[in-house]
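K.L.:
Below are the structure tokens for one structure; questions will follow.
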Amino acid sequence: MALTKHVGAPPINLLDELSVRLARYFQKRGRYDEATALCQHALAGQTQQLGADHPNTLTTVHRLADVYVRQGTYNEAEALYQRALAGREQQLGGIHRDTLSTVNNLAWLYQIQAKYNEAEALHQRALAGREQKLGADHQDTLKTVHNLAALYYQQGKYDEAERLYQRALVGQTQQLGADHSDTLTTANNLAGLHADQGKYAEAETLYQRALLGAGHPSTLSMVNNLAALYYHQGNYDEAEAMYQRALAGKERQLGAEHPSTLGTVNNLALLYRHQGKHEEADALFRRGLAGAEQQLGEDHPDTLRTVNNLAALYYHQGKYAEAEALYRRALAGCEQQLGAGHPSTLNTEHNIALLYEHQGKYDEAGALYKRALAGREISLGTHHPDTIDTMKGLGRLYGKQGRDEEANTLSARAEEAEKVRLSK
């Protein structure tokens with residue numbers, strides 16, 4: 001008769017490694033509290049058993065930082081990424097695959113925090129290292145290409161962003177397949193860029209391609225973005241339904257104060273403002289602004305975007321003094337954080353010009369319309385809807401000033417640009 005061999009308890013470090021793997025599973029499914037608890041438990045055990053600088057310990061530090069980013073606790077995430085990076089550089093070297101992974105993720109965190117110079121430097125380092133170590137078409141390399149494209153998109157560098165998104169999308173489709181999550185994420189973000197460029201047909205095609213099954217946080221971001229496209233197209237009922245779906249899912253998956261949730265709050269408020277539902281819009285804008293100031297800071301671009309949008313609501317309500325104060329805050333912050341030629345800066349300039357025009361401050365309005373128009377022609381192009389809108393605004397202002405020839409010239413330019421845009 002065979003004897004049954006008694007098997008003792010598995011080593012503690014093995015249990016810790018299994019905890020990290022299980023945490024990764026929970027993270028991918030948006031179960032962040034469970035992932036955090038597992039990583040913290042594993043980290044305590046590994047630090048005691050293996051030491052703070054052991055490669056396995058540093059992997060758990062990196063993984064816990066990843067979860068903190070998903071939860072929106074950015075300061076804690078940054079400290080852990082810095083710890084993981086310092087340890088991995090010392091233990092593994094600057095070009096090791098794990099080191100480059102931490103470089104990549106820290107760059108993404110800086111990008112979220114609007115620390116654009118630091119983000120670009122680390123993205124470039126990660127891209128160069130991954131191209132050298134893994135090759136130009138490796139999955140990790142293409143992910144960094146995507147991240148650098150996203151940075152340029154946020155900075156308003158649309159041509160550079162589009163080129164890199166296209167490179168990432170082609171490579172991911174070829175290497176990973178059209179239905180891989182990385183490919184779908186890139187398709188979603190390229191769609192967002194096309195929408196901001198006024199290429200709505202291309203955007204909708206990519207958004208529809210990018211939608212995954214319901215319930216995952218990445219899917220909810222895609223739902224939010226498709227809602228934004230419907231909003232820009234004037235399909236308000238479809239937009240509201242999509243926004244409500246995205247908001248409910250994000251509140252459940254990420255929490256009411258997560259930056260991604262607050263972004264959807266802001267977008268739904270925009271829709272309500274456009275529909276004339278001012279009380280609902282005001283409540284949501286105020287919720288979004290308070291949350292963004294607390295989570296991201298008063299000068300973060302997402303916070304300033306909400307400031308601008310609340311100012312626009314006050315303008316529509318005839319609260320001109322409150323509107324101007326908020327517009328001025330948004331403009332100063334955007335100029336400092338993003339630069340004078342960024343689309344967000346130009347959008348606020350246009351809005352202040354519109355306010356001044358309505359108040360009869362024609363000279364001040366004209367100066368701002370001219371600045372916004374020149375900037376939008378450079379950054380967005382002559383045929384972009386926002387550029388055309390500013391052309392119409394300046395032409396309308398010239399008409400009010402009795403400058404009929406200039407008004408007619410701008411009106412004709414706007415009409416021609418509109419025809420070209422609609423023919424594409």
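Just so we're on the same page: first chain in the structure tokens is A, next is B, and so on; residues restart at 1 for each chain, and ligands are numbered from 1 in the order they show up.
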Using only C-alpha atoms, find each residue of region 54-145 of chain A with at least one atom at most 9 Å away from an atom of region 32-39 of chain A; report its shortest atom-to-atom pair and that distance in Å (one decimal), sort the rows by chain and rising residue number, and return the result as a tab-separated table.
P.N.:
```
residue	atom	partner	partner_atom	distance
A:Thr60	CA	A:Cys39	CA	6.4
A:Val61	CA	A:Cys39	CA	8.0
A:Arg63	CA	A:Cys39	CA	7.3
A:Leu64	CA	A:Cys39	CA	5.7
A:Val67	CA	A:Tyr32	CA	6.4
A:Tyr68	CA	A:Thr36	CA	7.7
A:Arg70	CA	A:Tyr32	CA	7.5
A:Gln71	CA	A:Tyr32	CA	6.9
```
K.L.:
Closest to Ala239 (chain A) among A:Gln27, A:Thr219, A:Thr303, A:Asn267, using only C-alpha atoms?
P.N.:
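Ranked by minimum distance to Ala239 (chain A), first place goes to A:Asn267.
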K.L.:
Name all residues at most 9 Å from region 81-90 of chain A (count only C-alpha atoms; drop same-chain ones fewer than 4 positions away) and give them as a PDB file with C-alpha atoms, in the first residue's frame.
P.N.:
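Saved to selection-v5.pdb:
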```
ATOM      1  CA  ALA A  52      13.002  45.762   0.986  1.00  0.00           C
ATOM      2  CA  ASP A  53      15.183  45.696  -2.157  1.00  0.00           C
ATOM      3  CA  HIS A  54      14.556  42.136  -3.294  1.00  0.00           C
ATOM      4  CA  PRO A  55      13.232  42.004  -6.892  1.00  0.00           C
ATOM      5  CA  THR A  57       9.427  42.902  -3.121  1.00  0.00           C
ATOM      6  CA  LEU A  58       9.980  45.667  -5.673  1.00  0.00           C
ATOM      7  CA  THR A  59       7.502  43.986  -8.023  1.00  0.00           C
ATOM      8  CA  THR A  60       4.864  44.176  -5.304  1.00  0.00           C
ATOM      9  CA  VAL A  61       5.729  47.821  -4.641  1.00  0.00           C
ATOM     10  CA  HIS A  62       5.210  48.502  -8.352  1.00  0.00           C
ATOM     11  CA  LEU A  64       0.565  48.425  -5.390  1.00  0.00           C
ATOM     12  CA  ALA A  65       1.418  51.722  -7.077  1.00  0.00           C
ATOM     13  CA  ASP A  66      -0.542  50.556 -10.129  1.00  0.00           C
ATOM     14  CA  GLU A  76       0.872  57.385  -2.618  1.00  0.00           C
ATOM     15  CA  ALA A  77       1.362  55.924  -6.088  1.00  0.00           C
ATOM     16  CA  GLY A  94      18.507  50.980 -16.066  1.00  0.00           C
ATOM     17  CA  ILE A  95      17.689  49.018 -19.224  1.00  0.00           C
ATOM     18  CA  HIS A  96      16.088  45.964 -17.583  1.00  0.00           C
ATOM     19  CA  ASP A  98      11.156  45.606 -15.165  1.00  0.00           C
ATOM     20  CA  THR A  99      12.934  48.925 -14.680  1.00  0.00           C
ATOM     21  CA  LEU A 100      11.506  50.234 -17.940  1.00  0.00           C
ATOM     22  CA  THR A 102       8.306  51.338 -13.770  1.00  0.00           C
ATOM     23  CA  VAL A 103       9.667  54.204 -15.869  1.00  0.00           C
ATOM     24  CA  ASN A 105       4.110  53.778 -15.398  1.00  0.00           C
ATOM     25  CA  LEU A 106       5.643  56.683 -13.499  1.00  0.00           C
TER      26      LEU A 106
END
```
K.L.:
Here is a test: counting only C-alpha atoms, which residue of A:Leu270, A:Ala210, A:Leu247, A:Ala367 is nearest to Tyr231 (chain A)?
P.N.:
A:Leu270
